[in-house]
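See below for data_27.cif, which holds mmCIF, C-alpha atoms.
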```cif
data_entry
loop_
_atom_site.label_atom_id
_atom_site.label_comp_id
_atom_site.auth_asym_id
_atom_site.auth_seq_id
_atom_site.Cartn_x
_atom_site.Cartn_y
_atom_site.Cartn_z
CA MET W 1455 3.38 174.87 80.00
CA ASN W 1456 2.42 177.96 81.99
CA GLU W 1457 1.85 179.99 78.83
CA GLN W 1458 0.32 183.03 80.49
CA ALA W 1459 3.21 183.32 82.94
CA TYR W 1460 5.70 183.12 80.06
CA LYS W 1461 3.83 185.80 78.13
CA GLU W 1462 3.91 188.07 81.18
CA TYR W 1463 7.64 187.36 81.38
CA GLY W 1464 8.01 188.70 77.83
CA ILE W 1465 8.22 185.46 75.86
CA SER W 1466 6.40 185.46 72.52
CA GLU W 1467 3.85 182.85 71.42
CA ASP W 1468 6.25 181.60 68.73
CA VAL W 1469 8.99 180.84 71.26
CA ILE W 1470 6.46 179.21 73.63
CA GLU W 1471 5.24 176.99 70.79
CA LEU W 1472 8.84 176.11 69.88
CA ALA W 1473 9.54 175.15 73.49
CA ASN W 1474 6.36 173.04 73.78
CA LYS W 1475 7.14 171.04 70.65
CA SER W 1476 10.77 170.56 71.63
CA GLU W 1477 9.92 169.34 75.15
CA LYS W 1478 7.65 166.61 73.82
CA GLU W 1479 10.40 165.33 71.55
CA ILE W 1480 13.07 165.17 74.27
CA GLU W 1481 11.11 163.31 76.98
CA PRO W 1482 12.86 159.94 76.31
CA ILE W 1483 16.27 161.62 76.65
CA PHE W 1484 15.28 162.99 80.06
CA LYS W 1485 14.46 159.48 81.32
CA ASN W 1486 18.02 158.34 80.60
CA ILE W 1487 19.46 161.42 82.31
CA ASP W 1488 17.35 160.65 85.39
CA ASP W 1489 18.69 157.07 85.46
CA ILE W 1490 22.31 158.31 85.45
CA CYS W 1491 21.44 160.87 88.15
CA GLU W 1492 19.98 158.16 90.37
CA TYR W 1493 23.08 155.96 89.95
CA ASN W 1494 25.47 158.77 90.88
CA THR W 1495 23.25 159.84 93.78
CA ILE W 1496 23.55 156.36 95.29
CA LYS W 1497 27.33 156.49 94.80
CA VAL W 1498 27.63 159.86 96.56
CA LEU W 1499 25.34 158.94 99.43
CA LYS W 1500 27.27 155.72 100.06
CA ALA W 1501 30.57 157.66 100.17
CA PHE W 1502 29.13 160.05 102.77
CA GLN W 1503 27.89 157.17 104.90
CA ASP W 1504 31.00 154.99 104.52
CA ASN W 1505 33.13 157.90 105.75
CA ASN W 1506 30.78 158.73 108.64
CA ILE W 1507 30.24 162.36 107.69
CA SER W 1508 28.83 164.23 110.69
CA ASP W 1509 28.30 167.74 111.99
CA MET W 1510 31.83 167.84 113.41
CA HIS W 1511 33.23 167.78 109.86
CA PHE W 1512 31.61 171.15 109.06
CA GLY W 1513 33.93 173.10 111.37
CA SER W 1514 36.47 175.69 110.30
CA THR W 1515 40.22 176.06 110.65
CA THR W 1516 42.46 179.06 110.06
CA GLY W 1517 46.18 179.67 109.77
CA TYR W 1518 48.06 176.47 109.00
CA GLY W 1519 44.95 174.31 109.22
CA TYR W 1520 46.63 171.56 111.21
CA GLY W 1521 44.45 168.60 112.17
CA ASP W 1522 41.43 169.64 110.12
CA VAL W 1523 39.17 166.57 110.35
CA GLY W 1524 36.65 168.04 107.90
CA ARG W 1525 39.31 168.49 105.23
CA LEU W 1526 40.51 164.93 105.71
CA ALA W 1527 37.00 163.50 105.55
CA THR W 1528 36.12 165.55 102.47
CA GLU W 1529 39.13 164.23 100.59
CA LYS W 1530 38.23 160.66 101.52
CA VAL W 1531 34.69 161.18 100.21
CA PHE W 1532 35.89 162.65 96.92
CA ALA W 1533 38.43 159.83 96.52
CA GLN W 1534 35.73 157.20 96.99
CA VAL W 1535 33.27 158.89 94.63
CA LEU W 1536 35.94 159.21 91.92
CA ASN W 1537 37.43 155.74 92.54
CA ALA W 1538 40.80 157.27 93.46
CA GLU W 1539 43.54 156.22 95.85
CA ASP W 1540 43.61 159.77 97.18
CA SER W 1541 42.38 163.27 96.42
CA LEU W 1542 43.26 166.90 97.08
CA VAL W 1543 40.15 169.10 97.51
CA ARG W 1544 41.02 172.67 98.39
CA GLY W 1545 39.59 176.16 98.39
CA GLN W 1546 43.18 177.33 97.84
CA PHE W 1547 42.72 176.35 94.20
CA ILE W 1548 41.38 179.45 92.44
CA SER W 1549 40.00 177.65 89.40
CA GLY W 1550 40.24 174.57 87.23
CA THR W 1551 43.07 176.26 85.32
CA HIS W 1552 44.93 176.81 88.58
CA ALA W 1553 44.51 173.15 89.59
CA LEU W 1554 45.69 172.00 86.15
CA THR W 1555 48.69 174.32 86.39
CA VAL W 1556 49.68 173.08 89.84
CA THR W 1557 49.32 169.48 88.67
CA LEU W 1558 51.44 169.99 85.53
CA PHE W 1559 54.20 171.75 87.48
CA ALA W 1560 54.06 168.98 90.10
CA LEU W 1561 54.46 166.15 87.61
CA LEU W 1562 56.95 167.64 85.14
CA ARG W 1563 60.65 168.45 85.54
CA PRO W 1564 63.17 170.26 83.27
CA GLY W 1565 63.80 168.16 80.19
CA ASP W 1566 60.53 166.24 80.50
CA THR W 1567 57.99 166.11 77.68
CA LEU W 1568 54.29 166.88 77.97
CA LEU W 1569 52.16 165.41 75.19
CA SER W 1570 48.58 166.55 74.59
CA ILE W 1571 46.62 163.97 72.58
CA THR W 1572 43.47 166.08 72.14
CA GLY W 1573 45.15 168.89 70.22
CA LYS W 1574 45.73 172.30 71.75
CA PRO W 1575 44.31 172.56 75.29
CA TYR W 1576 41.89 175.24 76.48
CA ASP W 1577 42.97 178.83 75.85
CA THR W 1578 43.80 179.61 79.50
CA LEU W 1579 46.60 177.01 79.41
CA ASP W 1580 48.42 178.68 76.50
CA GLU W 1581 50.66 180.76 78.78
CA VAL W 1582 50.95 177.94 81.33
CA ILE W 1583 52.45 175.59 78.75
CA GLY W 1584 54.33 178.28 76.82
CA ILE W 1585 52.37 178.15 73.58
CA VAL W 1586 52.11 181.89 74.23
CA ASP W 1587 55.37 183.23 75.69
CA ASN W 1588 55.40 183.77 79.42
CA PRO W 1589 58.49 183.80 81.68
CA SER W 1590 56.62 181.66 84.23
CA SER W 1591 55.52 178.95 81.76
CA LEU W 1592 56.52 175.28 81.66
CA LYS W 1593 58.53 176.12 78.57
CA SER W 1594 60.60 178.61 80.55
CA PHE W 1595 61.53 175.71 82.86
CA ASN W 1596 62.69 173.68 79.84
CA VAL W 1597 59.65 171.41 79.75
CA ASN W 1598 58.96 170.32 76.19
CA TYR W 1599 55.45 170.39 74.76
CA GLU W 1600 54.05 168.38 71.87
CA GLN W 1601 50.52 167.76 70.66
CA ILE W 1602 48.70 165.28 68.49
CA ASP W 1603 45.44 166.47 67.03
CA LEU W 1604 42.24 164.48 66.95
CA VAL W 1605 41.14 162.96 63.65
CA ASN W 1606 37.41 163.09 62.95
CA ASP W 1607 36.71 163.67 66.66
CA ASP W 1608 38.69 160.60 67.72
CA PHE W 1609 42.25 159.91 68.80
CA ASP W 1610 45.01 159.33 66.28
CA TYR W 1611 45.88 155.99 67.88
CA GLU W 1612 48.63 155.08 65.41
CA LYS W 1613 50.38 158.44 65.73
CA ILE W 1614 50.19 158.32 69.53
CA GLN W 1615 51.76 154.85 69.64
CA LYS W 1616 54.49 155.83 67.20
CA ARG W 1617 55.37 158.89 69.29
CA LEU W 1618 55.61 156.78 72.44
CA GLU W 1619 57.84 154.26 70.66
CA LYS W 1620 60.09 157.09 69.46
CA GLY W 1621 61.14 158.40 72.88
CA LYS W 1622 60.20 159.10 76.47
CA VAL W 1623 57.09 161.12 77.28
CA LYS W 1624 56.57 161.93 80.98
CA VAL W 1625 52.92 163.08 80.97
CA ILE W 1626 50.10 162.58 78.49
CA GLU W 1627 47.38 165.21 78.89
CA LEU W 1628 43.86 164.58 77.65
CA GLN W 1629 41.13 167.25 77.76
CA ARG W 1630 37.70 165.65 77.64
CA SER W 1631 35.59 168.77 77.13
CA LYS W 1632 35.93 170.63 73.84
CA GLY W 1633 37.04 173.94 75.35
CA TYR W 1634 36.83 176.64 72.67
CA SER W 1635 37.47 174.21 69.81
CA ILE W 1636 34.84 172.99 67.37
CA ARG W 1637 35.05 169.29 68.09
CA LYS W 1638 33.06 166.72 70.00
CA SER W 1639 33.88 166.13 73.65
CA ILE W 1640 35.54 162.85 74.59
CA GLY W 1641 33.31 160.09 75.93
CA ILE W 1642 34.42 157.62 78.59
CA GLU W 1643 34.54 154.74 76.08
CA GLN W 1644 37.01 156.72 73.96
CA VAL W 1645 39.06 157.45 77.08
CA GLN W 1646 39.25 153.75 77.90
CA LYS W 1647 40.18 152.80 74.33
CA VAL W 1648 43.03 155.30 74.08
CA ILE W 1649 44.38 154.38 77.53
CA ASP W 1650 44.44 150.71 76.52
CA SER W 1651 46.27 151.71 73.33
CA ILE W 1652 48.83 153.78 75.27
CA ARG W 1653 49.50 150.99 77.77
CA GLN W 1654 50.35 148.58 74.94
CA VAL W 1655 53.42 150.74 74.31
CA ASP W 1656 54.20 152.52 77.61
CA LYS W 1657 53.22 151.19 81.02
CA ASP W 1658 54.77 154.08 82.94
CA VAL W 1659 53.70 157.32 81.23
CA ILE W 1660 51.44 159.39 83.50
CA ILE W 1661 47.97 159.79 81.97
CA MET W 1662 46.43 163.02 83.23
CA ILE W 1663 42.88 164.02 82.36
CA ASP W 1664 41.24 167.41 82.46
CA ASN W 1665 37.80 166.24 83.62
CA CYS W 1666 36.17 169.70 83.85
CA TYR W 1667 32.48 169.74 82.83
CA CYS W 1668 32.37 165.92 82.58
CA GLU W 1669 31.79 164.62 86.11
CA PHE W 1670 28.52 162.71 86.68
CA VAL W 1671 27.48 163.04 83.02
CA GLY W 1672 27.79 159.25 82.87
CA LYS W 1673 28.15 156.39 85.33
CA LYS W 1674 31.95 156.06 85.08
CA GLU W 1675 34.82 158.44 85.74
CA PRO W 1676 38.25 158.28 84.02
CA LEU W 1677 40.11 156.72 86.97
CA GLU W 1678 37.84 153.69 86.60
CA VAL W 1679 39.15 153.06 83.07
CA GLY W 1680 42.87 153.44 83.76
CA ALA W 1681 43.71 157.15 84.08
CA ASP W 1682 46.37 158.04 86.66
CA ILE W 1683 45.17 161.49 87.74
CA ILE W 1684 42.19 163.73 87.01
CA VAL W 1685 41.51 167.40 87.64
CA GLY W 1686 38.29 169.41 87.93
CA SER W 1687 36.78 172.62 89.27
CA LEU W 1688 34.31 172.99 92.12
CA ILE W 1689 32.52 175.88 90.43
CA LYS W 1690 31.61 173.37 87.75
CA ASN W 1691 29.95 169.96 88.09
CA LEU W 1692 31.10 168.61 91.45
CA GLY W 1693 30.47 171.88 93.30
CA GLY W 1694 26.75 171.50 92.69
CA GLY W 1695 26.29 175.26 92.51
CA ILE W 1696 26.95 175.50 96.26
CA SER W 1697 30.72 175.36 96.65
CA PRO W 1698 31.97 178.99 96.62
CA ASN W 1699 35.32 178.18 94.99
CA GLY W 1700 38.00 175.53 94.78
CA ALA W 1701 38.99 172.52 92.72
CA TYR W 1702 40.00 168.90 93.13
CA VAL W 1703 42.77 166.61 91.95
CA ALA W 1704 42.28 162.85 92.36
CA GLY W 1705 44.19 159.72 91.45
CA ARG W 1706 47.28 157.75 92.43
CA LYS W 1707 48.45 158.51 95.95
CA ASP W 1708 52.07 159.20 94.96
CA LEU W 1709 50.95 161.72 92.33
CA ILE W 1710 48.51 163.43 94.70
CA ASN W 1711 51.38 163.86 97.18
CA LEU W 1712 53.44 165.62 94.48
CA VAL W 1713 50.53 167.94 93.66
CA ALA W 1714 49.92 168.71 97.36
CA GLU W 1715 53.58 169.62 97.88
CA ARG W 1716 53.44 171.92 94.86
CA LEU W 1717 50.28 173.61 96.17
CA THR W 1718 51.67 174.08 99.69
CA ALA W 1719 55.34 173.25 100.35
CA PRO W 1720 57.66 170.24 100.23
CA GLY W 1721 57.41 168.40 103.54
CA GLU W 1722 53.99 169.88 104.32
CA GLY W 1723 51.82 168.73 101.44
CA LYS W 1724 48.31 167.68 102.45
CA GLU W 1725 48.89 168.27 106.16
CA VAL W 1726 48.26 172.01 105.91
CA GLY W 1727 45.60 174.23 104.40
CA PRO W 1728 42.89 176.00 106.39
CA THR W 1729 39.31 175.36 105.32
CA LEU W 1730 38.09 178.80 106.44
CA GLY W 1731 34.50 177.61 106.89
CA ILE W 1732 33.76 176.23 103.40
CA THR W 1733 33.86 172.49 104.15
CA LYS W 1734 30.09 172.25 104.59
CA SER W 1735 29.54 174.04 101.26
CA ILE W 1736 31.95 171.73 99.45
CA LEU W 1737 30.33 168.60 100.89
CA GLN W 1738 26.81 169.87 100.32
CA GLY W 1739 27.76 170.83 96.77
CA LEU W 1740 29.02 167.32 96.08
CA PHE W 1741 25.83 165.92 97.62
CA MET W 1742 23.71 168.01 95.23
CA ALA W 1743 25.98 167.51 92.21
CA PRO W 1744 24.24 164.50 90.58
CA SER W 1745 20.93 166.39 90.51
CA VAL W 1746 22.47 169.68 89.35
CA VAL W 1747 24.44 167.97 86.58
CA ALA W 1748 21.21 166.26 85.45
CA SER W 1749 19.48 169.65 85.33
CA SER W 1750 22.36 171.07 83.29
CA LEU W 1751 22.13 168.19 80.83
CA LYS W 1752 18.38 168.64 80.45
CA THR W 1753 18.88 172.36 79.83
CA ALA W 1754 21.47 171.57 77.16
CA VAL W 1755 19.23 168.98 75.48
CA PHE W 1756 16.32 171.46 75.45
CA ALA W 1757 18.49 174.23 73.97
CA SER W 1758 19.93 171.86 71.37
CA ARG W 1759 16.51 170.81 70.10
CA CYS W 1760 15.06 174.33 70.07
CA LEU W 1761 18.01 175.87 68.27
CA GLU W 1762 18.28 173.05 65.75
CA LYS W 1763 14.62 173.62 64.91
CA LEU W 1764 15.57 177.23 64.20
CA GLY W 1765 18.10 176.05 61.62
CA LEU W 1766 21.28 176.53 63.65
CA GLU W 1767 24.16 174.06 63.79
CA VAL W 1768 24.34 172.52 67.27
CA SER W 1769 26.64 170.02 68.93
CA PRO W 1770 25.75 167.64 70.41
CA LYS W 1771 22.37 167.16 68.77
CA PHE W 1772 19.57 166.61 71.27
CA ASP W 1773 19.59 162.80 70.91
CA GLU W 1774 23.38 162.27 70.83
CA GLU W 1775 25.23 160.75 73.77
CA ARG W 1776 26.95 163.43 75.85
CA ALA W 1777 30.37 163.51 77.47
CA ASP W 1778 30.00 166.87 79.23
CA ILE W 1779 27.45 169.56 80.06
CA VAL W 1780 28.58 171.90 77.26
CA GLN W 1781 26.27 172.76 74.37
CA THR W 1782 27.71 174.54 71.35
CA ILE W 1783 25.74 176.63 68.88
CA ASN W 1784 27.34 177.90 65.66
CA PHE W 1785 25.72 181.22 64.75
CA ASN W 1786 28.09 182.13 61.88
CA ASP W 1787 27.15 185.69 62.81
CA GLU W 1788 28.82 187.82 65.49
CA LYS W 1789 25.65 189.78 66.21
CA LYS W 1790 23.56 186.67 66.84
CA LEU W 1791 26.23 185.23 69.14
CA VAL W 1792 26.27 188.43 71.17
CA LYS W 1793 22.45 188.69 71.26
CA TYR W 1794 22.06 185.09 72.44
CA CYS W 1795 24.61 185.54 75.25
CA GLN W 1796 22.96 188.79 76.28
CA GLY W 1797 19.63 186.95 76.42
CA ILE W 1798 21.11 184.35 78.78
CA GLN W 1799 22.19 187.22 81.03
CA MET W 1800 18.65 188.66 80.90
CA GLY W 1801 17.30 185.31 82.07
CA SER W 1802 19.69 185.09 85.03
CA PRO W 1803 18.82 185.62 88.71
CA VAL W 1804 21.82 187.88 89.37
CA ASP W 1805 22.80 190.97 87.34
CA SER W 1806 19.97 190.37 84.87
CA SER W 1807 19.97 194.08 83.99
CA SER W 1808 23.65 193.99 82.99
CA ILE W 1809 24.49 193.75 79.30
CA PRO W 1810 27.63 191.71 78.59
CA GLU W 1811 29.87 192.88 75.77
CA PRO W 1812 32.93 191.25 74.15
CA TRP W 1813 36.16 192.22 75.92
CA ASP W 1814 39.81 191.27 76.34
CA MET W 1815 39.79 188.75 79.18
CA PRO W 1816 43.02 187.67 80.94
CA GLY W 1817 44.25 184.34 79.59
CA TYR W 1818 42.40 184.54 76.25
CA THR W 1819 43.85 185.46 72.85
CA ASP W 1820 40.56 186.69 71.31
CA LYS W 1821 37.90 188.95 72.72
CA VAL W 1822 35.34 186.92 74.62
CA ILE W 1823 31.71 187.54 75.53
CA MET W 1824 30.63 185.93 78.79
CA ALA W 1825 27.12 185.81 80.19
CA ALA W 1826 26.75 184.46 83.71
CA GLY W 1827 24.32 185.96 86.18
CA ALA W 1828 25.56 183.60 88.85
CA PHE W 1829 25.55 183.49 92.65
CA THR W 1830 29.23 182.51 92.47
CA GLN W 1831 31.47 184.55 90.20
CA GLY W 1832 32.51 182.53 87.16
CA SER W 1833 30.40 179.53 88.14
CA SER W 1834 29.69 177.62 84.94
CA ILE W 1835 27.49 175.00 86.57
CA GLU W 1836 25.00 177.84 86.89
CA LEU W 1837 23.50 178.75 83.52
CA SER W 1838 26.17 180.55 81.55
CA CYS W 1839 27.07 181.15 77.93
CA ASP W 1840 30.26 182.46 76.41
CA GLY W 1841 32.25 182.44 73.24
CA PRO W 1842 35.34 183.89 71.56
CA ILE W 1843 34.70 186.58 68.97
CA ARG W 1844 36.07 184.69 66.01
CA PRO W 1845 34.47 182.70 63.16
CA PRO W 1846 32.31 180.63 63.17
CA TYR W 1847 31.02 182.67 66.13
CA THR W 1848 30.20 179.75 68.38
CA ALA W 1849 28.45 179.98 71.73
CA PHE W 1850 29.46 177.56 74.46
CA MET W 1851 26.53 177.18 76.82
CA GLN W 1852 26.57 175.16 80.02
CA GLY W 1853 24.92 174.78 83.39
CA GLY W 1854 21.51 175.20 84.92
CA LEU W 1855 20.99 174.67 88.67
CA THR W 1856 17.47 173.44 87.93
CA TYR W 1857 15.99 172.47 84.59
CA HIS W 1858 13.14 174.96 84.84
CA TYR W 1859 15.47 177.90 85.49
CA GLY W 1860 17.67 176.71 82.63
CA LYS W 1861 14.71 176.36 80.29
CA ILE W 1862 13.52 179.90 81.09
CA GLY W 1863 17.01 181.25 80.42
CA VAL W 1864 17.23 179.50 77.05
CA MET W 1865 13.80 180.79 76.02
CA LYS W 1866 14.81 184.33 77.01
CA ALA W 1867 18.00 184.01 74.95
CA ILE W 1868 16.13 182.74 71.91
CA GLN W 1869 13.62 185.57 72.29
CA ASN W 1870 16.44 188.14 72.41
CA MET W 1871 18.26 186.62 69.43
CA LEU W 1872 15.09 186.63 67.32
#
```
In structure tokens, write the structure found in this file.
Amino acid sequence: MNEQAYKEYGISEDVIELANKSEKEIEPIFKNIDDICEYNTIKVLKAFQDNNISDMHFGSTTGYGYGDVGRLATEKVFAQVLNAEDSLVRGQFISGTHALTVTLFALLRPGDTLLSITGKPYDTLDEVIGIVDNPSSLKSFNVNYEQIDLVNDDFDYEKIQKRLEKGKVKVIELQRSKGYSIRKSIGIEQVQKVIDSIRQVDKDVIIMIDNCYCEFVGKKEPLEVGADIIVGSLIKNLGGGISPNGAYVAGRKDLINLVAERLTAPGEGKEVGPTLGITKSILQGLFMAPSVVASSLKTAVFASRCLEKLGLEVSPKFDEERADIVQTINFNDEKKLVKYCQGIQMGSPVDSSSIPEPWDMPGYTDKVIMAAGAFTQGSSIELSCDGPIRPPYTAFMQGGLTYHYGKIGVMKAIQNML
């Protein structure tokens, strides 16, 4: 390690020693991450070549966006990478929450039932579903919502089957990443097992998966194990830190058509939507995504080992299999949570002199502290750390465009916390 450079950067000898010891212990984990990265890199490169991506696809359209060859090619590439019949990849999606909202409203009609089988979804969907009253929610359109909680970080298979036998459910929603809950994220093997269990009872229910934070963490994606439709953000994994905004929805062609007509208008669907010059960024982001996700995973593994050595409760532990890029740290102390997040901000390339404080963010029920000195606002594939101000005062850390930048940020956060 470049110890002198770290000292000049303000890192103490104790933190440098902690980092050195941790890095030696996590070397075997990094080799496995590199293997997954290489596999997904081959998959992405083949999709680019099979769809003959060329300079002409980087052009821009405005207005209606009729005949945008770049948009069409991009959606073919994403579909191939994700093993989907079709995909919708648009800068018109503001966020992952927006894409999830559009998808839910596209698939559900008054009187239908939405069933979440991973407990309550992420906080920003509370008002979308109607868990928190909102006159624009699914509930206000007479869409019923039910949930089945996880049991010991796994699905309640018996309860899910019994509910499906009881009466019609239109959409089953499954959120792989933990969100702001203290549970383990859902691995692809668990996804396959629960889908097989569901299909024993109901062949027709639409299985929709919130895949945010999970893409390229392993070698398989949910559509390869039986999911009908998946949703993710381009300022997370598949944007590779380059895409300036947007999200994707991928899956069965008939369902993608419904989502497209909800995003634009019935009768227009996928045929409209100007790219406004971001196609190159989206494609380049996808191209870089396997490497960036690998860097994020390495950053998370490094943080997990360092913080566990300091006596903190971490999940996953450094040597556990991962389903997403999120690392949680339970501080059981509001001040330590805030100090750690502020340290991440100090180690960021953008707005490093800013000091984040807990505040009332739109879409959240508790005050939240968010640290993200990112090139793209809200980009959580860049090193970021946030958490709701409620016991057990857990930080949710994710991202890292390169491992070395991520490592520096973690060391700065540990230094600030100590």
Residues of segment 1633-1699 of chain W that have any atom at most 9 Å from an atom of segment 1521-1537 of chain W: could you tabulate them with the shortest-distance atom pair and the distance in Å to one decimal, using all atoms listed in the file, ordered by chain and increasing number, as a Markdown table?
```
| residue | atom | partner | partner_atom | distance |
| --- | --- | --- | --- | --- |
| W:Glu1669 | CA | W:Leu1536 | CA | 9.0 |
| W:Lys1674 | CA | W:Leu1536 | CA | 8.5 |
| W:Glu1675 | CA | W:Leu1536 | CA | 6.3 |
| W:Pro1676 | CA | W:Leu1536 | CA | 8.3 |
| W:Leu1677 | CA | W:Asn1537 | CA | 6.3 |
| W:Glu1678 | CA | W:Asn1537 | CA | 6.3 |
```
Near-segment 1610-1613 of chain W list (7 Å; all atoms listed in the file; drop same-chain fewer than 3 positions) as a ChimeraX atom specification
/W:1604-1605,1616-1617,1648,1651
What is the distance between atom CA of Lys1620 of chain W and atom CA of Thr1567 of chain W, in Å to one decimal?
12.4 Å
Contact residues around Asp1805 of chain W with only C-alpha atoms at 9 Å, ignoring same-chain residues under 4 positions, as number ranges by chain
W: 1799-1800, 1809, 1826-1828
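Here atom CA of Pro1803 of chain W and atom CA of Asn1486 of chain W stand 28.5 Å from one another.
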Write a file for segment 1764-1817 of chain W, containing C-alpha atoms (output as a compact mmCIF listing (two decimals), in the first residue's frame).
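Here's the written file out-v2.txt:
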```
# COMPACT_ATOMS: atom_id res chain seq x y z
CA LEU W 1764 -13.83 -3.00 14.27
CA GLY W 1765 -16.59 -4.95 16.00
CA LEU W 1766 -19.55 -3.74 13.94
CA GLU W 1767 -22.36 -5.94 12.66
CA VAL W 1768 -22.15 -6.18 8.86
CA SER W 1769 -24.21 -7.91 6.21
CA PRO W 1770 -23.13 -9.65 4.09
CA LYS W 1771 -19.93 -10.73 5.81
CA PHE W 1772 -16.87 -10.45 3.59
CA ASP W 1773 -16.87 -14.14 2.60
CA GLU W 1774 -20.63 -14.59 2.09
CA GLU W 1775 -22.14 -14.96 -1.37
CA ARG W 1776 -23.67 -11.69 -2.56
CA ALA W 1777 -26.90 -11.00 -4.40
CA ASP W 1778 -26.41 -7.24 -4.84
CA ILE W 1779 -23.83 -4.48 -4.41
CA VAL W 1780 -25.30 -3.23 -1.12
CA GLN W 1781 -23.32 -3.47 2.12
CA THR W 1782 -25.10 -2.81 5.40
CA ILE W 1783 -23.44 -1.74 8.63
CA ASN W 1784 -25.39 -1.63 11.90
CA PHE W 1785 -23.94 1.13 14.07
CA ASN W 1786 -26.61 1.04 16.81
CA ASP W 1787 -25.64 4.68 17.27
CA GLU W 1788 -27.06 7.64 15.34
CA LYS W 1789 -23.86 9.67 15.68
CA LYS W 1790 -21.66 6.92 14.23
CA LEU W 1791 -24.05 6.42 11.31
CA VAL W 1792 -23.93 10.13 10.52
CA LYS W 1793 -20.13 10.32 10.93
CA TYR W 1794 -19.56 7.35 8.62
CA CYS W 1795 -21.81 8.79 5.89
CA GLN W 1796 -20.11 12.17 6.23
CA GLY W 1797 -16.75 10.42 5.81
CA ILE W 1798 -17.93 8.82 2.56
CA GLN W 1799 -18.82 12.31 1.34
CA MET W 1800 -15.34 13.56 2.33
CA GLY W 1801 -13.81 10.78 0.21
CA SER W 1802 -15.88 11.66 -2.87
CA PRO W 1803 -14.63 13.40 -6.03
CA VAL W 1804 -17.58 15.82 -6.17
CA ASP W 1805 -18.83 18.02 -3.31
CA SER W 1806 -16.26 16.55 -0.92
CA SER W 1807 -16.42 19.73 1.18
CA SER W 1808 -20.18 19.37 1.69
CA ILE W 1809 -21.40 17.89 4.97
CA PRO W 1810 -24.57 15.79 4.59
CA GLU W 1811 -27.10 15.97 7.39
CA PRO W 1812 -30.29 13.94 8.02
CA TRP W 1813 -33.33 15.52 6.36
CA ASP W 1814 -36.91 14.84 5.26
CA MET W 1815 -36.54 13.46 1.74
CA PRO W 1816 -39.54 13.13 -0.61
CA GLY W 1817 -40.85 9.56 -0.63
```
